[in-house]
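Some notes on the structure that comes next.
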Number of protein chains: 6
Amino acid sequence: MRNVIVTGVTRADLAVVDQLAGLGVATVHEAAGRAGYLGPGLRPIQDGARVAGTAVTALCWPGDNLMIHAAVEQCQAGDLLVVTTTSPCSDGLFGELLATSLVARGVRGLVIETGVRDVSDLRAMGFPVWSAAVSAQGTVKQTPGAVNVPVSVGGQLIRPGDVIVADDDGVVCVPRTQASQVLAAARTRVAKEEQTRQALADGQLGLDLYGLRDKLAARGVEYVAAGDEEG
Amino acid sequence: MRNVIVTGVTRADLAVVDQLAGLGVATVHEAAGRAGYLGPGLRPIQDGARVAGTAVTALCWPGDNLMIHAAVEQCQAGDLLVVTTTSPCSDGLFGELLATSLVARGVRGLVIETGVRDVSDLRAMGFPVWSAAVSAQGTVKQTPGAVNVPVSVGGQLIRPGDVIVADDDGVVCVPRTQASQVLAAARTRVAKEEQTRQALADGQLGLDLYGLRDKLAARGVEYVAAGDEEG
Amino acid sequence: MRNVIVTGVTRADLAVVDQLAGLGVATVHEAAGRAGYLGPGLRPIQDGARVAGTAVTALCWPGDNLMIHAAVEQCQAGDLLVVTTTSPCSDGLFGELLATSLVARGVRGLVIETGVRDVSDLRAMGFPVWSAAVSAQGTVKQTPGAVNVPVSVGGQLIRPGDVIVADDDGVVCVPRTQASQVLAAARTRVAKEEQTRQALADGQLGLDLYGLRDKLAARGVEYVAAGDEEG
Amino acid sequence: MRNVIVTGVTRADLAVVDQLAGLGVATVHEAAGRAGYLGPGLRPIQDGARVAGTAVTALCWPGDNLMIHAAVEQCQAGDLLVVTTTSPCSDGLFGELLATSLVARGVRGLVIETGVRDVSDLRAMGFPVWSAAVSAQGTVKQTPGAVNVPVSVGGQLIRPGDVIVADDDGVVCVPRTQASQVLAAARTRVAKEEQTRQALADGQLGLDLYGLRDKLAARGVEYVAAGDEEG
Amino acid sequence: MRNVIVTGVTRADLAVVDQLAGLGVATVHEAAGRAGYLGPGLRPIQDGARVAGTAVTALCWPGDNLMIHAAVEQCQAGDLLVVTTTSPCSDGLFGELLATSLVARGVRGLVIETGVRDVSDLRAMGFPVWSAAVSAQGTVKQTPGAVNVPVSVGGQLIRPGDVIVADDDGVVCVPRTQASQVLAAARTRVAKEEQTRQALADGQLGLDLYGLRDKLAARGVEYVAAGDEEG
Amino acid sequence: MRNVIVTGVTRADLAVVDQLAGLGVATVHEAAGRAGYLGPGLRPIQDGARVAGTAVTALCWPGDNLMIHAAVEQCQAGDLLVVTTTSPCSDGLFGELLATSLVARGVRGLVIETGVRDVSDLRAMGFPVWSAAVSAQGTVKQTPGAVNVPVSVGGQLIRPGDVIVADDDGVVCVPRTQASQVLAAARTRVAKEEQTRQALADGQLGLDLYGLRDKLAARGVEYVAAGDEEG
């Protein structure tokens with residue numbers, strides 16, 4: 001790991017980012033070709049928040065939040081801070097004081113692959129957080145890392161400036177260069193789903209709407225009356 | 001695994017099912033002889049829901065929800081859908097569109113050993129879900145499985161038509177053939193607990209109410225004043 | 001393990017205990033020299049509770065809550081019950097009836113390294129609980145253990161009479177003999193943090209407030225413009 | 001749970017069982033329609049063992065091995081003991097003395113969803129074991145359970161008398177009534193694989209042998225030269 | 001946590017320690033009243049080693065092995081080094097160079113609640129290690145901790161100078177002050193087990209040897225012929 | 001995810017790759033600036049293997065190994081196949097037949113973030129494997145993925161053509177463009193460690209060799225005689 005702080009990162013267009021937020025994580029993930037989801041391990045500390053922002057990344061040493069302080073200075077309005085560690089860690093690398101600093105810079109939220117603390121305060125502030133743990137365990141500021149380098153979180157590559165969308169379903173990353181195209185695909189999907197929703201509410205079946213009956217038959221699925229299963 | 005969809009399953013009596021719902025998971029589990037609990041890994045995505053229904057089961061391939069669509073058609077009013085996979089999986093096999101379909105059929109809820117998504121929407125709809133994870137990760141519809149075969153979820157065998165009770169404490173399964181007898185035992189238990197609760201609130205001790213003092217003595221438990229422990 | 005129930009334990013001063021509660025887990029943990037935190041595995045079953053009490057400890061056999069009943073009798077007003085097992089266990093060793101008993105004795109809450117059940121009732125009662133799991137799985141009362149012996153929970157040693165502080169961030173233990181000194185340190189910290197908070201809200205950076213720029217340089221961290229990283 | 005010891009269980013035919021052992025877990029699992037595998041959580045304590053036997057099942061309370069002692073009496077030559085607990089447990093419910101007893105009865109091995117101990121001795125005895133953990137943690141003999149009832153282990157239902165096959169890949173269960181048919185399918189599979197193996201060793205590709213090129217194309221997979229991926 | 005290095009620790013008598021090694025972990029744990037076992041999470045990196053030594057403890061920061069270097073100096077012949085971290089960590093805090101240093105001082109082995117690396121070399125050296133993980137992840141030497149303070153590992157309290165016994169079954173700690181008494185109890189147990197082993201090998205049953213038939217009956221366990229279970 | 005198979009990937013120089021193999025994972029990871037280690041979750045299925053190769057990557061759907069078959073064709077002598085899935089999966093996506101195919105192409109080993117099966121056969125063939133699990137669970141060939149795209153495994157980014165080094169300590173990835181420079185740094189490190197090893201074997205202390213005494217003092221670590229700790 002080179003110990004660098006990369007400045008002047010190119011961000012995704014905030015106009016696109018804001019529209020992606022409105023569509024939510026599951027839709028954006030599907031529109032991106034079922035890609036970019038950071039997995040079930042990153043959970044919101046609050047209910048009902050839905051945000052999107054441009055990624056500023058921080059790579060920290062376990063038990064050490066030195067590089068988060070360095071990352072704050074690289075943040076600007078519209079960003080969302082993404083933090084991970086060089087090896088698994090559950091400590092509370094982030095709390096209410098750092099959130100105060102981020103709010104002052106217009107940062108929209110935090111995604112962190114370790115723990116956070118002061119969660120009562122964070123909820124009261126309305127600063128949204130997705131984390132792998134809640135932990136009051138304090139940290140030191142001793143060992144260097146990196147800011148705004150590509151990081152791997154939840155099995156997904158995140159590059160500085162990428163779009164991060166987060167809600168109750170978790171977190172998804174859309175590469176900066178694909179943001180507009182994913183937005184268009186997501187809108188198409190939403191329109192189509194609205195039709196499907198109405199049909200399902202009216203009692204039509206996905207088996208018919210999605211043409212699955214033939215698929216079941218082609219794969220050898222048989223209908224058997226109860227009592228005849230073992231026959 | 002035979003790829004079958006079993007139709008015409010015999011369900012437990014809904015009159016009994018509804019009364020079991022009112023008694024809650026912990027009481028029903030105790031009344032069933034401390035059996036049938038699906039373990040701490042299945043958690044509600046909402047607070048305060050308490051439901052019971054008759055099991056329709058779906059066995060899916062990991063990353064694939066084809067058989068959930070097939071299962072929907074087998075559901076009727078009073079059912080509760082139970083989904084698992086042939087091997088461990090955390091993907092979001094179920095979301096708001098499938099819930100719309102289930103609501104249209106009078107299904108009371110979902111128990112799923114993988115992930116779910118659209119949790120904000122599911123909460124807003126009031127469709128109760130117990131799952132092993134929340135995950136936006138999308139799925140395909142390619143590989144067959146089975147509907148209404150016995151499945152093993154959380155270390156418990158669930159047969160189609162069995163009673164599923166779920167609340168904030170998790171999920172319990174009562175075999176269809178034992179439903180009435182468990183209901184009777186649960187009612188007896190509730191009545192007895194009401195007496196115990198009053199006694200405990202008045203300051204009586206479980207040590208006396210349950211006759212545990214002799215048991216402690218018989219098992220060699222000694223009372224020692226602080227400071228004399230190591231003596 | 002000796003099967004003993006230790007009586008007459010010396011508790012920390014409740015006046016100090018109450019003031020520690022007001023300061024919260026993260027602050028108390030820091031004031032104690034970043035020690036005593038029970039880790040991210042112990043989570044509250046409710047939001048927003050913040051309590052402190054003096055520890056009464058119970059060491060149980062897995063799947064068995066006999067010693068919790070014995071521990072209840074050793075509890076007095078101001079205590080907080082701490083329960084663990086001799087080996088890992090997720091069963092629901094504690095529920096609403098035991099809570100009723102503890103409330104009658106003035107106990108302030110429960111920290112338990114296994115599961116709890118009746119969580120709806122516990123929330124409705126306002127009896128705060130931190131646990132490793134929620135589980136309806138019932139237990140027996142057969143095998144002896146110990147009450148008011150030192151126990152290890154979440155990697156921390158807890159002695160009877162120690163101070164336990166718990167809130168949304170989890171649980172911290174302060175040794176009885178250090179309670180006053182930790183309280184003083186925590187107050188100093190709170191005062192200092194208030195100043196820092198204001199500075200950060202005004203847009204000052206932690207890099208400057210904590211003097212981290214020199215540290216970054218001394219550790220070889222370089223600033224690089226985007227596009228020049230790989231150069 | 002009813003506290004019963006079921007006697008006189010009908011076993012699968014040992015002649016079939018012995019032939020299944022020779023074919024190994026992966027082959028038998030495939031021949032059974034990709035069913036019955038107990039998952040990656042059950043691991044051998046030794047290398048290279050490959051056995052099959054007829055299941056005698058024991059369902060124990062966590063931290064308690066009373067029912068294993070009851071199960072020993074129900075074992076006969078050709079059996080393989082299968083043990084689980086009513087809730088998750090890692091304790092060492094089984095050790096060298098119980099193995100001595102099983103060897104005296106002609107039992108072929110142990111599958112246990114908790115821990116085992118005395119593993120050096122078990123290896124030296126040549127008594128094969130598949131377990132979820134190794135743990136020296138001792139147990140009591142206090143709480144009843146059941147012997148020779150259906151149990152759920154690793155997400156699979158095991159009925160007394162079923163065939164258990166175990167080797168370095170883990171453990172698979174074949175229902176007693178399907179043993180002969182699975183054996184036939186497994187032999188067919190082995191013969192076919194031998195041909196495939198030779199073709200692959202000669203440099204032919206699975207893409208061609210299994211006809212996957214069309215499938216890839218049909219699913220929209222494109223070949224792209226390196227450097228043109230992002231174009 | 002006070003940052004101290006405690007010198008001149010009183011060790012358990014090595015004559016007793018050496019005899020405990022010969023008896024093994026499971027036996028010593030039982031003789032200690034089923035206490036002191038560090039759980040299934042600490043596994044040997046080699047097969048067949050069985051050692052005992054007196055504990056020197058090191059408490060490190062995650063990702064940092066500074067205090068292991070300080071601990072080496074406190075080690076003397078007959079010791080066994082015990083290492084943990086202030087919060088969960090899997091990094092490779094220990095490798096072949098540190099082992100070389102410990103061998104030079106007559107240290108008998110390592111128990112570490114994080115990862116180790118250079119495991120090929122450690123095996124080749126014959127230096128026995130029990131760890132929670134194998135990890136090549138390197139560490140820094142920046143943040144202080146403590147040496148020879150009481151630590152909690154695997155849910156057990158270990159005091160400097162206590163006896164550590166480790167073999168293929170894991171690790172057990174015997175308090176220094178109880179070492180002789182545990183040794184005596186262990187010998188008695190071994191003698192008794194030898195008799196039991198012979199009886200079991202001769203085909204007698206634990207049900208009879210341990211008097212369990214009455215216990216089963218008293219707890220309501222019934223014998224039922226197969227086919228009559230559900231009747 | 002775009003469903004592509006990238007051909008004609010540029011590999012790292014095999015002459016460099018072979019020399020990195022000889023140096024081992026821990027050394028290479030340190031020489032790379034403590035970067036690139038895939039974590040403790042990827043474990044060898046055999047003891048003592050040490051290999052290096054150039055990465056061919058396959059990204060599969062859970063429960064589906066279609067893309068491994070596509071990846072085989074892209075492999076050439078000196079490669080090492082790296083497989084992961086779009087979401088967590090433990091199934092046995094790889095077995096002895098695929099290994100036969102890879103051996104025929106001169107592939108040096110497999111790193112896979114799911115399970116493998118036929119481990120007895122793989123060991124007998126001498127084909128080295130590092131995996132997240134051993135599982136006999138079979139898979140289908142239905143859903144597309146990608147070959148030779150960048151993948152994230154164990155929190156590390158792996159690009160096609162990068163160097164993979166694997167031994168008993170796990171797996172490390174060195175970016176193709178840094179291979180020579182890391183090799184040089186690793187050799188320097190080995191030479192230096194040889195001197196250190198000799199000094200440590202002679203009884204010198206790391207405290208002195210690494211100049212840690214001042215560091216301990218500067219960080220406030222105090223030496224205290226036993227018995228005076230609490231004073």
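We name chains A, B, ... following the order of the structure tokens; residues begin at 1 in each chain, and ligands are numbered from 1 as shown.
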If we count only C-alpha atoms and set the cut-off at 9 Å, which residues sit around Val174 of chain F, ignoring sequence neighbours fewer than 4 positions away in its own chain? Please answer as a tab-separated table (two decimals) with C-alpha atoms, in the first residue's frame.
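This went into selection.tsv:
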```
chain	number	residue	atom	x	y	z
F	28	VAL	CA	6.06	-10.99	-0.48
F	29	HIS	CA	3.23	-9.28	1.38
F	32	ALA	CA	4.69	-5.09	-1.21
F	35	ALA	CA	-0.55	-5.01	0.84
F	36	GLY	CA	-2.41	-7.60	-1.20
F	37	TYR	CA	-3.05	-10.34	1.36
F	158	ILE	CA	-7.10	-8.89	-8.41
F	162	ASP	CA	-1.43	-10.17	-11.67
F	163	VAL	CA	0.89	-12.42	-9.68
F	164	ILE	CA	-0.69	-14.75	-7.15
F	165	VAL	CA	1.57	-16.32	-4.51
F	178	GLN	CA	4.83	-4.01	-9.45
F	179	ALA	CA	6.14	-7.56	-9.65
F	182	VAL	CA	8.34	-6.27	-5.09
```
TODO: Would you kindly return, as number ranges by chain, each protein, DNA or RNA residue with an atom no farther than 9 Å from any atom of segment 43-46 of chain E, considering only C-alpha atoms and excluding same-chain residues fewer than 3 positions away?
DONE: D: 134; E: 40, 49, 111, 119, 122-123, 126, 128-134, 166-171
Should the cut-off be 7 Å, what would the residue list for chain A against chain F look like, counting only C-alpha atoms, as a CSV table (one decimal) with N, CA, C and O atoms, in the first residue's frame?
```csv
chain,number,residue,atom,x,y,z
A,1,MET,N,0.8,-1.2,0.0
A,1,MET,CA,0.0,0.0,0.0
A,1,MET,C,0.9,1.3,0.0
A,1,MET,O,1.7,1.4,0.9
A,33,GLY,N,-27.1,-4.1,-13.9
A,33,GLY,CA,-26.8,-5.5,-14.3
A,33,GLY,C,-26.5,-6.4,-13.1
A,33,GLY,O,-25.7,-7.3,-13.2
A,34,ARG,N,-27.2,-6.1,-12.0
A,34,ARG,CA,-27.0,-6.9,-10.8
A,34,ARG,C,-25.5,-6.8,-10.4
A,34,ARG,O,-25.0,-7.8,-10.1
A,35,ALA,N,-25.0,-5.6,-10.3
A,35,ALA,CA,-23.6,-5.5,-10.0
A,35,ALA,C,-23.5,-4.4,-8.9
A,35,ALA,O,-24.4,-3.5,-8.8
A,152,SER,N,-11.7,-2.0,-1.7
A,152,SER,CA,-12.6,-3.1,-1.9
A,152,SER,C,-13.4,-3.2,-0.7
A,152,SER,O,-12.9,-3.5,0.4
A,153,VAL,N,-14.7,-3.0,-0.8
A,153,VAL,CA,-15.6,-3.1,0.4
A,153,VAL,C,-16.7,-4.1,0.1
A,153,VAL,O,-17.4,-3.9,-1.0
A,155,GLY,N,-16.7,-6.9,-1.1
A,155,GLY,CA,-16.5,-7.7,-2.3
A,155,GLY,C,-16.7,-6.8,-3.6
A,155,GLY,O,-16.7,-7.3,-4.7
A,156,GLN,N,-16.8,-5.5,-3.4
A,156,GLN,CA,-17.0,-4.6,-4.6
A,156,GLN,C,-15.8,-3.6,-4.6
A,156,GLN,O,-15.4,-3.1,-3.6
A,157,LEU,N,-15.4,-3.3,-5.8
A,157,LEU,CA,-14.4,-2.3,-6.0
A,157,LEU,C,-15.0,-0.9,-6.0
A,157,LEU,O,-16.0,-0.7,-6.7
```
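For the pair atom CA of Ala136 of chain D and atom CA of Gly92 of chain D, the separation is 5.3 Å.
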Open item on the list: List the spatial neighbours of Ala70 of chain D as a list in words - criterion: any atom at most 10 Å away, only C-alpha atoms, same-chain residues fewer than 2 positions off excluded.
Closed with: Ile5, Ala58, Asn65, Leu66, Met67, Ile68, Val72, Glu73, Gln74, Cys75, Pro144, Gly145, Ala146 and Val147 of chain D; Leu205, Gly206, Leu207, Leu212, Arg213 and Leu216 of chain E
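Restricting the calculation to only C-alpha atoms, the smallest distance between Thr27 of chain A and any of B:Lys192, B:Asp228, B:Ala15, B:Glu96 is found for B:Glu96.
Residues lying within 8 Å of segment 10-14 of chain C, counting only C-alpha atoms and ignoring same-chain neighbours fewer than 3 positions away, are Ala226 of chain B; Val17, Asp18, Gly53, Thr54, Ala55, Gly78, Pro160, Gly161, Asp162, Val163, Arg176, Thr177 and Ala179 of chain C.
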Open item on the list: Can you tell me which residues surround Arg197 of chain E at a distance of at most 8 Å, considering only C-alpha atoms, apart from same-chain residues fewer than 3 positions away, and format the answer as a list in words?
Closed with: Leu97 and Thr100 of chain D; Glu193, Glu194, Leu200 and Ala201 of chain E
Could those residues be written to a file, using all heavy atoms, as an mmCIF file, in the first residue's frame?
```
data_model
loop_
_atom_site.group_PDB
_atom_site.id
_atom_site.type_symbol
_atom_site.label_atom_id
_atom_site.label_comp_id
_atom_site.auth_asym_id
_atom_site.auth_seq_id
_atom_site.Cartn_x
_atom_site.Cartn_y
_atom_site.Cartn_z
ATOM 1 N N LEU D 97 -13.783 -42.451 25.363
ATOM 2 C CA LEU D 97 -14.477 -43.541 26.069
ATOM 3 C C LEU D 97 -15.739 -43.959 25.314
ATOM 4 O O LEU D 97 -16.013 -45.152 25.150
ATOM 5 C CB LEU D 97 -14.826 -43.128 27.500
ATOM 6 C CG LEU D 97 -13.645 -43.082 28.469
ATOM 7 C CD1 LEU D 97 -14.103 -42.648 29.861
ATOM 8 C CD2 LEU D 97 -12.939 -44.436 28.565
ATOM 9 N N THR D 100 -14.748 -45.982 22.393
ATOM 10 C CA THR D 100 -14.414 -47.352 22.789
ATOM 11 C C THR D 100 -15.666 -48.220 22.830
ATOM 12 O O THR D 100 -15.695 -49.364 22.356
ATOM 13 C CB THR D 100 -13.733 -47.347 24.178
ATOM 14 O OG1 THR D 100 -12.539 -46.564 24.086
ATOM 15 C CG2 THR D 100 -13.395 -48.761 24.638
ATOM 16 N N GLU E 193 -10.806 -43.758 34.790
ATOM 17 C CA GLU E 193 -11.159 -43.919 33.389
ATOM 18 C C GLU E 193 -10.568 -45.195 32.806
ATOM 19 O O GLU E 193 -11.156 -45.803 31.910
ATOM 20 C CB GLU E 193 -10.681 -42.707 32.565
ATOM 21 C CG GLU E 193 -11.585 -41.505 32.692
ATOM 22 C CD GLU E 193 -11.321 -40.485 31.597
ATOM 23 O OE1 GLU E 193 -10.325 -40.625 30.860
ATOM 24 O OE2 GLU E 193 -12.099 -39.518 31.502
ATOM 25 N N GLU E 194 -9.396 -45.590 33.290
ATOM 26 C CA GLU E 194 -8.766 -46.796 32.768
ATOM 27 C C GLU E 194 -9.670 -47.998 33.016
ATOM 28 O O GLU E 194 -9.835 -48.867 32.159
ATOM 29 C CB GLU E 194 -7.385 -47.011 33.390
ATOM 30 C CG GLU E 194 -6.660 -48.241 32.903
ATOM 31 C CD GLU E 194 -6.656 -48.399 31.370
ATOM 32 O OE1 GLU E 194 -6.553 -47.382 30.665
ATOM 33 O OE2 GLU E 194 -6.819 -49.542 30.883
ATOM 34 N N LEU E 200 -15.974 -50.804 29.016
ATOM 35 C CA LEU E 200 -16.654 -50.438 27.769
ATOM 36 C C LEU E 200 -16.139 -51.283 26.604
ATOM 37 O O LEU E 200 -16.913 -51.723 25.744
ATOM 38 C CB LEU E 200 -16.457 -48.953 27.472
ATOM 39 C CG LEU E 200 -17.101 -47.970 28.461
ATOM 40 C CD1 LEU E 200 -16.643 -46.545 28.168
ATOM 41 C CD2 LEU E 200 -18.629 -48.059 28.414
ATOM 42 N N ALA E 201 -14.828 -51.503 26.583
ATOM 43 C CA ALA E 201 -14.257 -52.324 25.513
ATOM 44 C C ALA E 201 -14.807 -53.746 25.573
ATOM 45 O O ALA E 201 -14.926 -54.427 24.555
ATOM 46 C CB ALA E 201 -12.731 -52.332 25.612
#
```
TODO: Write out as an MDAnalysis selection string all residues of segment 10-228 of chain A that DSSP puts in alpha helix (DSSP H) for this structure's backbone.
DONE: chainID A and resid 14:23 25:31 66:74 96:104 119:125 179:201 206:209 212:218
- [ ] Calculate how many Å separate atom CA of Pro62 of chain E from atom CA of Gly24 of chain F, rounding to one decimal.
- [x]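 Going from atom CA of Pro62 of chain E over to atom CA of Gly24 of chain F covers 23.8 Å.
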Open item on the list: Between atom CA of Gly48 of chain A and atom CA of Arg108 of chain B, what is the distance in Å, rounded to a tenth?
Closed with: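 Going from atom CA of Gly48 of chain A over to atom CA of Arg108 of chain B covers 23.5 Å.
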Open item on the list: From a backbone DSSP assignment, name each residue in segment 43-115 of chain D labelled strand (DSSP E), as a list in words.
Closed with: Arg43, Pro44, Val51, Ala52, Gly53, Thr54, Ala55, Val56, Thr57, Ala58, Leu59, Cys60, Asp79, Leu80, Leu81, Val82, Val83, Thr84, Thr85, Gly92, Leu93, Phe94, Leu110, Val111, Ile112, Glu113, Thr114 and Gly115 of chain D
Dump of N, CA, C and O atoms for the selected residues, as a compact mmCIF listing (two decimals), in the first residue's frame:
```txt
# COMPACT_ATOMS: atom_id res chain seq x y z
N ARG D 43 -16.84 -31.18 9.48
CA ARG D 43 -15.52 -31.48 8.94
C ARG D 43 -14.92 -32.72 9.62
O ARG D 43 -15.15 -32.95 10.79
N PRO D 44 -14.14 -33.49 8.85
CA PRO D 44 -13.48 -34.66 9.45
C PRO D 44 -12.37 -34.22 10.41
O PRO D 44 -11.72 -33.20 10.18
N VAL D 51 -16.17 -43.72 4.88
CA VAL D 51 -17.02 -44.75 5.47
C VAL D 51 -18.48 -44.52 5.12
O VAL D 51 -18.87 -43.44 4.69
N ALA D 52 -19.26 -45.57 5.30
CA ALA D 52 -20.71 -45.46 5.20
C ALA D 52 -21.32 -46.36 6.26
O ALA D 52 -20.75 -47.40 6.63
N GLY D 53 -22.49 -45.96 6.74
CA GLY D 53 -23.17 -46.76 7.75
C GLY D 53 -24.62 -46.37 7.79
O GLY D 53 -25.06 -45.45 7.10
N THR D 54 -25.37 -47.08 8.64
CA THR D 54 -26.79 -46.78 8.80
C THR D 54 -26.98 -45.92 10.04
O THR D 54 -26.42 -46.20 11.10
N ALA D 55 -27.81 -44.89 9.91
CA ALA D 55 -27.90 -43.87 10.95
C ALA D 55 -28.66 -44.34 12.18
O ALA D 55 -29.80 -44.80 12.09
N VAL D 56 -28.02 -44.19 13.33
CA VAL D 56 -28.71 -44.14 14.63
C VAL D 56 -28.60 -42.70 15.06
O VAL D 56 -27.51 -42.12 15.05
N THR D 57 -29.72 -42.09 15.44
CA THR D 57 -29.70 -40.65 15.74
C THR D 57 -29.88 -40.40 17.24
O THR D 57 -30.61 -41.11 17.92
N ALA D 58 -29.20 -39.35 17.71
CA ALA D 58 -29.37 -38.91 19.10
C ALA D 58 -29.57 -37.41 19.10
O ALA D 58 -28.82 -36.67 18.46
N LEU D 59 -30.61 -36.97 19.80
CA LEU D 59 -30.91 -35.53 19.93
C LEU D 59 -30.70 -35.15 21.39
O LEU D 59 -31.42 -35.61 22.27
N CYS D 60 -29.67 -34.32 21.63
CA CYS D 60 -29.25 -33.98 22.99
C CYS D 60 -29.59 -32.54 23.34
O CYS D 60 -29.79 -31.70 22.47
N ASP D 79 -23.75 -49.62 11.92
CA ASP D 79 -24.34 -48.30 12.16
C ASP D 79 -23.28 -47.20 12.17
O ASP D 79 -22.07 -47.46 12.31
N LEU D 80 -23.78 -45.99 12.05
CA LEU D 80 -22.96 -44.79 12.18
C LEU D 80 -23.80 -43.84 13.04
O LEU D 80 -24.96 -43.57 12.72
N LEU D 81 -23.23 -43.37 14.13
CA LEU D 81 -24.00 -42.55 15.08
C LEU D 81 -24.05 -41.10 14.61
O LEU D 81 -23.02 -40.52 14.25
N VAL D 82 -25.26 -40.53 14.63
CA VAL D 82 -25.48 -39.14 14.23
C VAL D 82 -26.04 -38.38 15.43
O VAL D 82 -27.10 -38.74 15.95
N VAL D 83 -25.34 -37.33 15.85
CA VAL D 83 -25.72 -36.60 17.06
C VAL D 83 -25.94 -35.13 16.75
O VAL D 83 -25.13 -34.51 16.05
N THR D 84 -27.01 -34.56 17.28
CA THR D 84 -27.18 -33.11 17.22
C THR D 84 -27.79 -32.64 18.54
O THR D 84 -28.10 -33.45 19.42
N THR D 85 -27.95 -31.32 18.67
CA THR D 85 -28.51 -30.75 19.90
C THR D 85 -29.73 -29.91 19.55
O THR D 85 -29.91 -29.49 18.42
N GLY D 92 -17.74 -30.45 23.80
CA GLY D 92 -17.21 -31.77 23.47
C GLY D 92 -18.09 -32.87 24.02
O GLY D 92 -17.76 -33.49 25.04
N LEU D 93 -19.18 -33.16 23.35
CA LEU D 93 -20.14 -34.15 23.86
C LEU D 93 -19.65 -35.58 23.72
O LEU D 93 -20.27 -36.51 24.26
N PHE D 94 -18.57 -35.77 22.98
CA PHE D 94 -18.13 -37.13 22.64
C PHE D 94 -16.61 -37.19 22.74
O PHE D 94 -15.92 -36.27 22.31
N LEU D 110 -18.78 -41.54 13.56
CA LEU D 110 -19.63 -40.56 14.23
C LEU D 110 -19.76 -39.31 13.37
O LEU D 110 -18.78 -38.81 12.85
N VAL D 111 -20.99 -38.81 13.29
CA VAL D 111 -21.25 -37.49 12.72
C VAL D 111 -21.94 -36.68 13.82
O VAL D 111 -22.97 -37.12 14.34
N ILE D 112 -21.36 -35.56 14.20
CA ILE D 112 -21.87 -34.82 15.36
C ILE D 112 -21.85 -33.33 15.08
O ILE D 112 -20.83 -32.78 14.66
N GLU D 113 -22.99 -32.68 15.33
CA GLU D 113 -23.12 -31.25 15.00
C GLU D 113 -22.62 -30.35 16.14
O GLU D 113 -22.86 -29.14 16.12
N THR D 114 -21.96 -30.92 17.14
CA THR D 114 -21.32 -30.12 18.19
C THR D 114 -19.82 -30.39 18.13
O THR D 114 -19.30 -30.63 17.05
N GLY D 115 -19.14 -30.33 19.28
CA GLY D 115 -17.72 -30.62 19.32
C GLY D 115 -17.41 -32.04 19.76
O GLY D 115 -18.27 -32.75 20.28
```
